[in-house]
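J.: Next comes input13.txt, compact mmCIF, C-alpha atoms and all ligand atoms:
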# COMPACT_ATOMS: atom_id res chain seq x y z
CA MET H 1 111.69 81.45 95.06
CA THR H 2 113.24 77.97 95.11
CA LYS H 3 113.65 76.47 98.55
CA LEU H 4 115.92 73.61 99.53
CA SER H 5 115.55 72.11 103.01
CA ILE H 6 118.09 69.96 104.78
CA ILE H 7 117.05 67.97 107.85
CA GLY H 8 120.04 67.23 110.08
CA ALA H 9 122.61 69.99 110.60
CA GLY H 10 125.45 67.61 111.38
CA ALA H 11 128.55 67.02 109.29
CA VAL H 12 126.78 65.91 106.08
CA GLY H 13 123.89 68.40 106.37
CA THR H 14 126.26 71.32 106.84
CA SER H 15 128.52 70.24 103.98
CA CYS H 16 125.45 69.91 101.78
CA ALA H 17 124.26 73.43 102.68
CA ASN H 18 127.75 74.75 102.00
CA TRP H 19 127.92 73.16 98.53
CA GLY H 20 124.33 74.26 97.84
CA MET H 21 125.36 77.82 98.54
CA VAL H 22 128.61 77.62 96.54
CA LYS H 23 126.75 76.14 93.57
CA ASN H 24 123.85 78.57 93.99
CA VAL H 25 121.22 75.83 93.63
CA ALA H 26 118.41 77.58 95.50
CA GLU H 27 117.48 81.07 96.60
CA GLU H 28 116.67 79.79 100.07
CA ILE H 29 118.36 77.01 102.03
CA VAL H 30 116.87 75.90 105.35
CA LEU H 31 118.70 73.72 107.87
CA VAL H 32 116.62 71.89 110.49
CA ASP H 33 117.90 69.94 113.49
CA ILE H 34 116.35 68.76 116.75
CA VAL H 35 119.30 70.00 118.81
CA PRO H 36 118.34 73.50 120.00
CA ASP H 37 120.21 76.29 118.19
CA LEU H 38 122.57 73.92 116.30
CA ALA H 39 121.04 74.60 112.86
CA LYS H 40 120.84 78.32 113.63
CA GLY H 41 124.54 78.45 114.46
CA LYS H 42 125.60 76.43 111.41
CA ALA H 43 123.45 78.54 109.07
CA LEU H 44 124.81 81.77 110.50
CA ASP H 45 128.38 80.59 110.08
CA LEU H 46 127.63 79.66 106.46
CA ILE H 47 125.79 82.82 105.44
CA GLN H 48 128.60 85.00 106.78
CA SER H 49 130.77 83.72 103.92
CA SER H 50 128.26 85.00 101.33
CA SER H 51 129.92 88.40 101.00
CA LEU H 52 133.22 86.71 100.19
CA PHE H 53 131.96 85.07 97.02
CA GLY H 54 128.70 86.86 96.30
CA TYR H 55 125.84 84.57 97.30
CA SER H 56 122.72 86.67 97.67
CA GLY H 57 120.25 84.00 98.73
CA LYS H 58 119.09 83.14 102.25
CA ILE H 59 120.37 80.42 104.57
CA TRP H 60 118.78 79.97 107.96
CA GLY H 61 118.43 77.32 110.63
CA THR H 62 115.72 76.26 113.05
CA GLU H 63 114.27 73.44 115.20
CA ASP H 64 110.81 74.15 113.78
CA PHE H 65 110.01 71.62 111.06
CA SER H 66 107.23 73.80 109.60
CA ALA H 67 110.12 75.76 108.04
CA ILE H 68 110.36 73.12 105.29
CA LYS H 69 106.98 74.23 103.87
CA ASP H 70 107.04 74.88 100.07
CA SER H 71 110.43 73.22 99.58
CA LYS H 72 111.13 71.89 96.11
CA VAL H 73 113.59 69.37 97.56
CA VAL H 74 113.93 68.08 101.15
CA ILE H 75 117.07 66.19 102.12
CA ILE H 76 117.21 63.84 105.13
CA THR H 77 120.71 63.68 106.62
CA ALA H 78 119.47 63.16 110.20
CA GLY H 79 120.83 60.05 111.85
CA LYS H 80 123.85 58.49 113.48
CA PRO H 81 126.98 57.97 111.40
CA ARG H 82 129.27 54.93 111.68
CA GLN H 83 132.13 54.62 114.13
CA PRO H 84 135.20 52.45 113.44
CA GLY H 85 134.30 48.76 113.46
CA MET H 86 130.63 49.40 112.66
CA SER H 87 128.86 48.45 109.45
CA ARG H 88 126.18 50.70 107.98
CA GLU H 89 123.68 47.96 108.86
CA ASP H 90 124.48 48.38 112.58
CA LEU H 91 122.67 51.74 112.38
CA LEU H 92 119.38 50.20 111.22
CA ASN H 93 117.19 50.46 114.30
CA ILE H 94 118.34 53.78 115.66
CA ASN H 95 118.19 55.54 112.27
CA LYS H 96 114.85 53.93 111.39
CA GLU H 97 113.16 55.91 114.19
CA ILE H 98 114.97 59.13 113.23
CA VAL H 99 114.14 58.84 109.52
CA LYS H 100 110.55 57.89 110.37
CA SER H 101 110.10 61.05 112.44
CA CYS H 102 111.61 63.22 109.67
CA ALA H 103 109.41 61.57 107.02
CA GLU H 104 106.32 62.29 109.12
CA LYS H 105 107.25 65.96 109.19
CA ILE H 106 107.82 66.00 105.42
CA ARG H 107 104.41 64.40 104.88
CA GLU H 108 102.89 67.09 107.09
CA TYR H 109 104.68 70.18 105.80
CA ALA H 110 106.18 69.49 102.36
CA LYS H 111 103.74 67.20 100.57
CA GLU H 112 104.81 68.23 97.08
CA SER H 113 108.56 67.97 97.62
CA VAL H 114 111.08 65.58 96.13
CA VAL H 115 112.85 63.80 99.00
CA ILE H 116 116.52 62.77 98.95
CA VAL H 117 117.45 60.36 101.75
CA VAL H 118 121.06 60.12 102.90
CA SER H 119 120.96 58.43 106.32
CA ASN H 120 122.38 54.91 106.59
CA PRO H 121 121.88 52.06 105.97
CA LEU H 122 120.85 53.99 102.90
CA ASP H 123 118.75 51.60 100.84
CA ALA H 124 116.70 50.60 103.90
CA MET H 125 116.26 54.19 105.10
CA VAL H 126 114.86 55.29 101.71
CA TYR H 127 112.35 52.47 102.07
CA VAL H 128 111.33 53.84 105.50
CA ALA H 129 110.80 57.32 104.01
CA TYR H 130 108.83 55.82 101.09
CA LYS H 131 106.50 53.92 103.42
CA VAL H 132 105.99 56.75 105.90
CA THR H 133 105.46 59.62 103.43
CA GLY H 134 103.35 57.57 101.01
CA PHE H 135 104.85 59.74 98.24
CA PRO H 136 105.00 58.35 94.68
CA LYS H 137 108.21 56.49 93.98
CA ASN H 138 109.55 59.15 91.60
CA ARG H 139 109.75 61.58 94.54
CA ILE H 140 111.69 59.39 97.02
CA ILE H 141 115.34 58.94 96.11
CA GLY H 142 118.42 57.71 97.96
CA MET H 143 121.89 59.22 97.58
CA ALA H 144 124.80 56.79 97.44
CA GLY H 145 125.62 55.95 93.83
CA VAL H 146 126.84 59.45 93.04
CA LEU H 147 129.26 59.26 95.97
CA ASP H 148 130.40 55.69 95.35
CA SER H 149 130.90 56.47 91.64
CA ALA H 150 132.85 59.65 92.52
CA ARG H 151 135.19 57.55 94.68
CA TYR H 152 135.60 54.98 91.90
CA ARG H 153 136.29 57.71 89.33
CA TYR H 154 138.87 59.36 91.57
CA PHE H 155 140.74 56.09 92.25
CA ILE H 156 140.89 55.37 88.50
CA ALA H 157 142.21 58.88 87.78
CA GLU H 158 144.77 58.58 90.57
CA ALA H 159 146.04 55.24 89.25
CA LEU H 160 146.47 56.67 85.74
CA GLY H 161 147.66 60.14 86.66
CA VAL H 162 144.90 61.74 84.57
CA SER H 163 142.29 64.39 85.33
CA PRO H 164 139.33 62.91 87.27
CA LYS H 165 137.12 65.07 85.01
CA ASP H 166 137.79 62.69 82.12
CA VAL H 167 136.88 59.55 84.03
CA GLN H 168 133.35 58.17 83.78
CA ALA H 169 132.25 55.14 85.76
CA LEU H 170 129.25 53.87 87.65
CA VAL H 171 128.64 51.91 90.82
CA MET H 172 125.30 50.13 91.05
CA GLY H 173 123.55 48.13 93.78
CA ILE H 174 123.43 48.52 97.53
CA HIS H 175 125.35 51.16 99.51
CA GLY H 176 127.43 48.55 101.31
CA ASP H 177 130.15 45.98 100.81
CA LEU H 178 128.19 44.19 98.06
CA MET H 179 128.04 47.26 95.79
CA LEU H 180 129.02 46.82 92.14
CA PRO H 181 131.69 49.12 90.74
CA LEU H 182 131.16 48.07 87.11
CA VAL H 183 134.40 47.64 85.18
CA ARG H 184 132.91 47.24 81.71
CA PHE H 185 131.45 50.77 81.67
CA ALA H 186 134.38 52.59 83.28
CA ASN H 187 136.34 54.70 80.82
CA VAL H 188 138.74 57.59 80.42
CA ALA H 189 137.54 59.96 77.70
CA GLY H 190 135.81 57.01 76.06
CA ILE H 191 138.73 54.57 76.40
CA PRO H 192 137.76 51.49 78.47
CA ILE H 193 139.90 51.19 81.62
CA THR H 194 140.65 47.59 80.65
CA GLU H 195 142.82 49.09 77.85
CA LEU H 196 144.74 51.23 80.32
CA LEU H 197 145.10 49.30 83.59
CA SER H 198 146.10 45.75 84.50
CA SER H 199 143.40 43.47 85.84
CA GLU H 200 145.22 43.36 89.21
CA LYS H 201 145.14 47.16 89.48
CA ILE H 202 141.47 47.26 88.47
CA GLU H 203 140.66 44.67 91.13
CA GLU H 204 142.47 46.76 93.74
CA ILE H 205 140.52 49.89 92.70
CA VAL H 206 137.20 48.04 92.77
CA ARG H 207 137.98 46.77 96.27
CA ARG H 208 139.05 50.20 97.53
CA THR H 209 135.83 51.70 96.12
CA LYS H 210 133.67 49.14 97.92
CA PHE H 211 135.32 49.94 101.22
CA GLY H 212 135.90 53.65 100.47
CA GLY H 213 133.52 54.82 103.21
CA GLY H 214 135.08 52.51 105.82
CA GLU H 215 138.58 53.72 104.95
CA ILE H 216 137.55 57.28 105.85
CA VAL H 217 135.76 56.14 109.05
CA SER H 218 138.97 54.41 110.13
CA TYR H 219 140.87 57.72 109.83
CA LEU H 220 138.21 60.04 111.28
CA LYS H 221 137.37 57.72 114.20
CA THR H 222 134.42 59.83 115.39
CA GLY H 223 132.22 59.86 112.29
CA SER H 224 132.06 59.22 108.57
CA ALA H 225 132.75 61.08 105.32
CA PHE H 226 130.89 64.35 104.82
CA LEU H 227 132.59 66.58 102.23
CA THR H 228 132.09 64.55 99.03
CA PRO H 229 128.73 63.23 100.35
CA GLY H 230 127.56 66.86 100.65
CA LEU H 231 128.46 67.66 97.03
CA SER H 232 127.01 64.35 95.79
CA ILE H 233 123.64 65.29 97.32
CA ILE H 234 123.78 68.75 95.73
CA GLU H 235 124.51 67.24 92.29
CA MET H 236 121.18 65.41 92.61
CA ALA H 237 119.25 68.35 94.09
CA GLU H 238 120.57 70.67 91.36
CA SER H 239 119.46 68.35 88.57
CA ILE H 240 115.95 68.28 90.09
CA ILE H 241 115.69 72.02 90.84
CA LYS H 242 117.11 73.10 87.46
CA ASP H 243 115.44 70.22 85.55
CA GLU H 244 118.84 69.30 84.12
CA LYS H 245 117.94 65.66 83.31
CA ARG H 246 121.32 64.43 84.45
CA VAL H 247 122.02 60.72 84.41
CA LEU H 248 123.05 59.80 87.94
CA THR H 249 123.05 56.56 89.88
CA CYS H 250 120.46 56.81 92.65
CA SER H 251 118.74 54.40 95.01
CA VAL H 252 115.24 54.01 93.60
CA TYR H 253 112.26 51.73 94.14
CA LEU H 254 112.36 48.88 91.65
CA GLU H 255 109.21 47.24 90.37
CA GLY H 256 110.45 44.71 87.86
CA GLU H 257 113.37 46.69 86.45
CA TYR H 258 116.49 44.50 86.37
CA GLU H 259 114.06 41.66 87.31
CA ILE H 260 113.98 43.00 90.88
CA SER H 261 110.93 44.18 92.83
CA GLY H 262 110.06 45.69 96.20
CA VAL H 263 113.44 47.15 97.17
CA PHE H 264 115.44 50.33 96.73
CA LEU H 265 118.75 49.84 94.91
CA GLY H 266 121.24 52.04 93.10
CA VAL H 267 120.67 52.14 89.33
CA PRO H 268 121.23 54.85 86.71
CA VAL H 269 118.28 57.23 86.37
CA ILE H 270 117.41 60.53 84.72
CA LEU H 271 116.78 63.23 87.34
CA GLY H 272 114.61 66.21 86.50
CA LYS H 273 111.91 68.44 87.95
CA ASN H 274 109.68 65.47 88.78
CA GLY H 275 112.44 63.61 90.59
CA ILE H 276 113.11 60.32 88.85
CA GLU H 277 112.03 60.84 85.25
CA ARG H 278 113.19 57.46 84.01
CA ILE H 279 115.06 54.41 85.24
CA ILE H 280 117.69 53.38 82.71
CA GLU H 281 117.88 49.64 82.27
CA ILE H 282 121.15 48.40 80.87
CA LYS H 283 121.72 44.83 79.79
CA LEU H 284 123.86 43.18 82.45
CA LEU H 285 126.09 40.14 82.00
CA PRO H 286 124.97 37.03 83.94
CA GLU H 287 127.61 37.57 86.68
CA GLU H 288 126.62 41.24 87.04
CA LYS H 289 122.95 40.23 87.26
CA ASP H 290 123.83 37.74 90.00
CA ALA H 291 125.75 40.38 91.93
CA LEU H 292 122.82 42.81 91.67
CA LYS H 293 120.45 40.06 92.82
CA LYS H 294 122.69 39.54 95.90
CA CYS H 295 122.33 43.28 96.65
CA ALA H 296 118.55 42.97 96.34
CA ASP H 297 118.50 39.97 98.71
CA SER H 298 120.63 41.83 101.24
CA CYS H 299 118.31 44.84 101.03
CA LYS H 300 115.25 42.59 101.44
CA ASN H 301 116.79 41.15 104.62
CA LEU H 302 117.23 44.65 106.00
CA ILE H 303 113.67 45.59 105.07
CA ASN H 304 112.38 42.49 106.90
CA LEU H 305 114.27 43.59 110.01
CA LEU H 306 112.48 46.96 109.85
CA ASN H 307 109.12 45.30 110.63
CA MET H 308 107.04 47.81 108.74
N1 LIG O 401 124.30 57.85 101.78
C1 LIG O 401 125.57 58.16 101.90
O1 LIG O 401 126.34 58.01 100.95
C2 LIG O 401 126.10 58.74 103.18
C3 LIG O 401 127.35 59.38 103.24
C4 LIG O 401 127.79 59.92 104.45
C5 LIG O 401 126.98 59.81 105.58
N2 LIG O 401 125.78 59.15 105.50
C6 LIG O 401 124.90 59.05 106.66
O2 LIG O 401 124.32 60.32 106.91
C7 LIG O 401 123.91 60.40 108.29
C8 LIG O 401 124.42 61.70 108.91
O3 LIG O 401 125.82 61.67 109.00
P1 LIG O 401 126.60 62.89 109.70
O4 LIG O 401 128.04 62.59 109.60
O5 LIG O 401 126.06 64.19 109.25
O6 LIG O 401 126.14 62.68 111.25
P2 LIG O 401 126.13 63.79 112.40
O7 LIG O 401 126.02 63.06 113.69
O8 LIG O 401 127.25 64.75 112.21
O9 LIG O 401 124.76 64.60 112.14
C9 LIG O 401 123.51 64.04 112.28
C10 LIG O 401 122.58 65.15 112.73
O10 LIG O 401 121.24 64.64 112.75
C11 LIG O 401 120.56 65.30 113.81
N3 LIG O 401 119.34 64.59 114.16
C12 LIG O 401 119.20 63.42 114.83
N4 LIG O 401 117.89 63.10 114.93
C13 LIG O 401 117.20 64.08 114.29
C14 LIG O 401 115.82 64.30 114.02
N5 LIG O 401 114.89 63.44 114.45
N6 LIG O 401 115.46 65.40 113.35
C15 LIG O 401 116.41 66.28 112.91
N7 LIG O 401 117.73 66.12 113.13
C16 LIG O 401 118.12 65.04 113.80
C17 LIG O 401 121.60 65.31 114.94
O11 LIG O 401 121.27 66.25 115.93
C18 LIG O 401 122.87 65.65 114.16
O12 LIG O 401 123.10 67.05 114.14
C19 LIG O 401 124.46 59.13 108.94
O13 LIG O 401 123.45 58.16 109.04
C20 LIG O 401 125.54 58.67 107.98
O14 LIG O 401 125.79 57.28 108.07
C21 LIG O 401 125.35 58.63 104.33
Go ahead and express the file in the form of structure tokens.

T.:
Amino acid sequence: MTKLSIIGAGAVGTSCANWGMVKNVAEEIVLVDIVPDLAKGKALDLIQSSSLFGYSGKIWGTEDFSAIKDSKVVIITAGKPRQPGMSREDLLNINKEIVKSCAEKIREYAKESVVIVVSNPLDAMVYVAYKVTGFPKNRIIGMAGVLDSARYRYFIAEALGVSPKDVQALVMGIHGDLMLPLVRFANVAGIPITELLSSEKIEEIVRRTKFGGGEIVSYLKTGSAFLTPGLSIIEMAESIIKDEKRVLTCSVYLEGEYEISGVFLGVPVILGKNGIERIIEIKLLPEEKDALKKCADSCKNLINLLNM
């Protein structure tokens, strides 16, 4: 029986469990939260919808971390979200302690699992989980690129009035203002967007993508995006559980790829049953390389602040 565990039964964790159930990715989904009864209540609310669309798996919630035992994939969504006016980096110290405590539990109870980290600031929090679990780098992965690319793809589709299904695009780098929505690789059914949109419009879309998370925070006021983040996580978990070998942009530990070492950054990878099966290295133009290097420097600064 395939088990998927989600630590943190807040907005993102619950959305993730909901999408996991809708997409039938695992026979058992476990939600864990430190707040007494919260995960239980969320799981019960979710499983009661199973009769309406025919999910026959299990979803349950608990405060007991030993419940994650034998999970194929464990997702960390525990941590504070941003409030208006905050950057993701402002969450560094508080979420470091939360992610550290979750990673200790994963090391104790789910040694063989593939871990997907979601808490912000993302690329630094994956590093925390990597250090604390001691897991091999193919089994510690950050989710951000799938979400940032989904935003980019939607904004392109919206500008052109075409189906988002036909838009392919990728966003590399850090999950923050320095991220790189790459223009050269963005296309609609194979047609480069530079053939379809003016450079001014493309610039506007790139900018909106970079600040796409902040735009939602400014509307919600009490938290950050959770619906598309939940599905983005499930896209990754599904590729691992079903060994689909999808090509998705994930935050992974670089050791020389793209001439960068010692940090987690978003790059395209193949995701399968072993987690990261391969990092895809594409030839970048000098200005793209420089922009990626800036992301790496920013991530290194955050890692230094972690003191670990
Ligand atoms: N990587 C991304 O693309 C992305 C997207 C959206 C949100 N996020 C991040 O995900 C995190 C969660 O966001 P949210 O909106 O769900 O927040 P939320 O406040 O709704 O939920 C967080 C949950 O974590 C729980 N928690 C705190 N400490 C815990 C611990 N030690 N063990 C278990 N559970 C614990 C809390 O009780 C709460 O229920 C935030 O850090 C947010 O910035 C990342």

J.: Got a sec to check which residues lie within 6 Å of ligand LIG 401 (chain O), using all atoms listed in the file, and send them as a VMD selection string?

T.: chain H and resid 7 to 13 33 to 35 77 to 82 98 101 to 102 118 to 120 122 143 to 144 147 223 to 226 229

J.: Export C-alpha atoms of the chosen residues as a PDB file, keeping the file's coordinate frame?

T.:
ATOM      1  CA  ILE H   7     117.050  67.970 107.850  1.00  0.00           C
ATOM      2  CA  GLY H   8     120.040  67.230 110.080  1.00  0.00           C
ATOM      3  CA  ALA H   9     122.610  69.990 110.600  1.00  0.00           C
ATOM      4  CA  GLY H  10     125.450  67.610 111.380  1.00  0.00           C
ATOM      5  CA  ALA H  11     128.550  67.020 109.290  1.00  0.00           C
ATOM      6  CA  VAL H  12     126.780  65.910 106.080  1.00  0.00           C
ATOM      7  CA  GLY H  13     123.890  68.400 106.370  1.00  0.00           C
ATOM      8  CA  ASP H  33     117.900  69.940 113.490  1.00  0.00           C
ATOM      9  CA  ILE H  34     116.350  68.760 116.750  1.00  0.00           C
ATOM     10  CA  VAL H  35     119.300  70.000 118.810  1.00  0.00           C
ATOM     11  CA  THR H  77     120.710  63.680 106.620  1.00  0.00           C
ATOM     12  CA  ALA H  78     119.470  63.160 110.200  1.00  0.00           C
ATOM     13  CA  GLY H  79     120.830  60.050 111.850  1.00  0.00           C
ATOM     14  CA  LYS H  80     123.850  58.490 113.480  1.00  0.00           C
ATOM     15  CA  PRO H  81     126.980  57.970 111.400  1.00  0.00           C
ATOM     16  CA  ARG H  82     129.270  54.930 111.680  1.00  0.00           C
ATOM     17  CA  ILE H  98     114.970  59.130 113.230  1.00  0.00           C
ATOM     18  CA  SER H 101     110.100  61.050 112.440  1.00  0.00           C
ATOM     19  CA  CYS H 102     111.610  63.220 109.670  1.00  0.00           C
ATOM     20  CA  VAL H 118     121.060  60.120 102.900  1.00  0.00           C
ATOM     21  CA  SER H 119     120.960  58.430 106.320  1.00  0.00           C
ATOM     22  CA  ASN H 120     122.380  54.910 106.590  1.00  0.00           C
ATOM     23  CA  LEU H 122     120.850  53.990 102.900  1.00  0.00           C
ATOM     24  CA  MET H 143     121.890  59.220  97.580  1.00  0.00           C
ATOM     25  CA  ALA H 144     124.800  56.790  97.440  1.00  0.00           C
ATOM     26  CA  LEU H 147     129.260  59.260  95.970  1.00  0.00           C
ATOM     27  CA  GLY H 223     132.220  59.860 112.290  1.00  0.00           C
ATOM     28  CA  SER H 224     132.060  59.220 108.570  1.00  0.00           C
ATOM     29  CA  ALA H 225     132.750  61.080 105.320  1.00  0.00           C
ATOM     30  CA  PHE H 226     130.890  64.350 104.820  1.00  0.00           C
ATOM     31  CA  PRO H 229     128.730  63.230 100.350  1.00  0.00           C
TER      32      PRO H 229
END

J.: If you count only C-alpha atoms, which residues fall within 12 Å of range 202-208 of chain H, apart from same-chain ones fewer than 5 positions away, as a PyMOL selection string?

T.: chain H and resi 148-149+151-160+169-171+176-184+186-187+192-197+213-216

J.: Could you pull the residues within 8 Å of range 127-139 of chain H, counting all atoms listed in the file, minus those fewer than 2 positions along the same chain, as a ChimeraX atom specification?

T.: /H:96,99-100,103-104,106-107,111,113-115,117,123-125,141,252-253,263-264,274-277,303

J.: As lines of an AutoDock Vina configuration file, please: the centre and edge lengths in Å, to one decimal, of an axis-aligned box enclosing every listed atom of range 299-307 of chain H with 4 Å added on each side.

T.:
center_x = 113.7
center_y = 44.1
center_z = 105.8
size_x = 17.2
size_y = 13.8
size_z = 17.6

J.: How far is it from CA of Gln48 in chain H to CA of Ile29 in chain H, in Å with one decimal?

T.: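 Value for the CA of Gln48 in chain H-CA of Ile29 in chain H distance: 13.8 Å.
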
J.: Considering all atoms listed in the file, state which residue in the set H:Asp37, H:Glu28, H:Asp297, H:Asp45 is at the smallest distance from Ile174 in chain H.

T.: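 Residue with the minimum atom-to-atom distance to Ile174 in chain H: H:Asp297.
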
J.: Could you tell me how far CA of Val146 in chain H lies from CA of Gly262 in chain H, in Å and to one decimal?

T.: 21.9 Å

J.: Let me make sure I understand: among H:Lys69, H:Gly190, H:Cys295, H:His175, which one has the smallest atom-to-atom distance to Glu89 in chain H if we use only C-alpha atoms?

T.: H:His175

J.: Separation of CA of Lys300 in chain H and CA of Gly85 in chain H, in Å?

T.: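 Result for CA of Lys300 in chain H versus CA of Gly85 in chain H: 23.4 Å, one decimal.
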
J.: Got a sec: who's within 10 Å of Ser56 in chain H, counting only C-alpha atoms, leaving out chain neighbours fewer than 6 positions off, as a ChimeraX atom specification?

T.: /H:21,24,27-28,47,50

J.: Pull C-alpha atoms from the residues just selected and write them as a PDB file, in the frame of the given file.

T.:
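Printed below is again.pdb as written:
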ATOM      1  CA  MET H  21     125.360  77.820  98.540  1.00  0.00           C
ATOM      2  CA  ASN H  24     123.850  78.570  93.990  1.00  0.00           C
ATOM      3  CA  GLU H  27     117.480  81.070  96.600  1.00  0.00           C
ATOM      4  CA  GLU H  28     116.670  79.790 100.070  1.00  0.00           C
ATOM      5  CA  ILE H  47     125.790  82.820 105.440  1.00  0.00           C
ATOM      6  CA  SER H  50     128.260  85.000 101.330  1.00  0.00           C
TER       7      SER H  50
END

J.: Between H:Ser199, H:Asn93, H:Ser232, H:Thr209, which is the closest to Cys16 in chain H once you count only C-alpha atoms?

T.: H:Ser232

J.: Using only C-alpha atoms, determine which residues lie at most 8 Å from Val32 in chain H, disregarding the query and same-chain residues fewer than 4 positions distant; provide the list as a ChimeraX atom specification.

T.: /H:5-9,39,61-65,67

J.: Given all atoms listed in the file as the basis, pick out the residue of H:Val73, H:Ile68, H:Ile234, H:Cys250 nearest to Ala17 in chain H.

T.: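 Looking only at the distances to Ala17 in chain H, the closest residue turns out to be H:Ile234.
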
J.: Between H:Leu46, H:Tyr219, H:Ile241, H:Ile116, which one has atoms that come closest to Thr2 in chain H, using only C-alpha atoms?

T.: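 Closest candidate: H:Ile241.
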
J.: Tell me which of H:Gly173, H:Ser66, H:Arg88, H:Leu306 sits closest to Tyr109 in chain H, counting all atoms listed in the file.

T.: H:Ser66

J.: Just want the 9 Å neighbourhood of range 255-259 of chain H, counted on all atoms listed in the file, with same-chain residues fewer than 2 positions away dropped. Output as number ranges by chain.

T.: H: 253, 261-263, 279-284, 289, 292-293
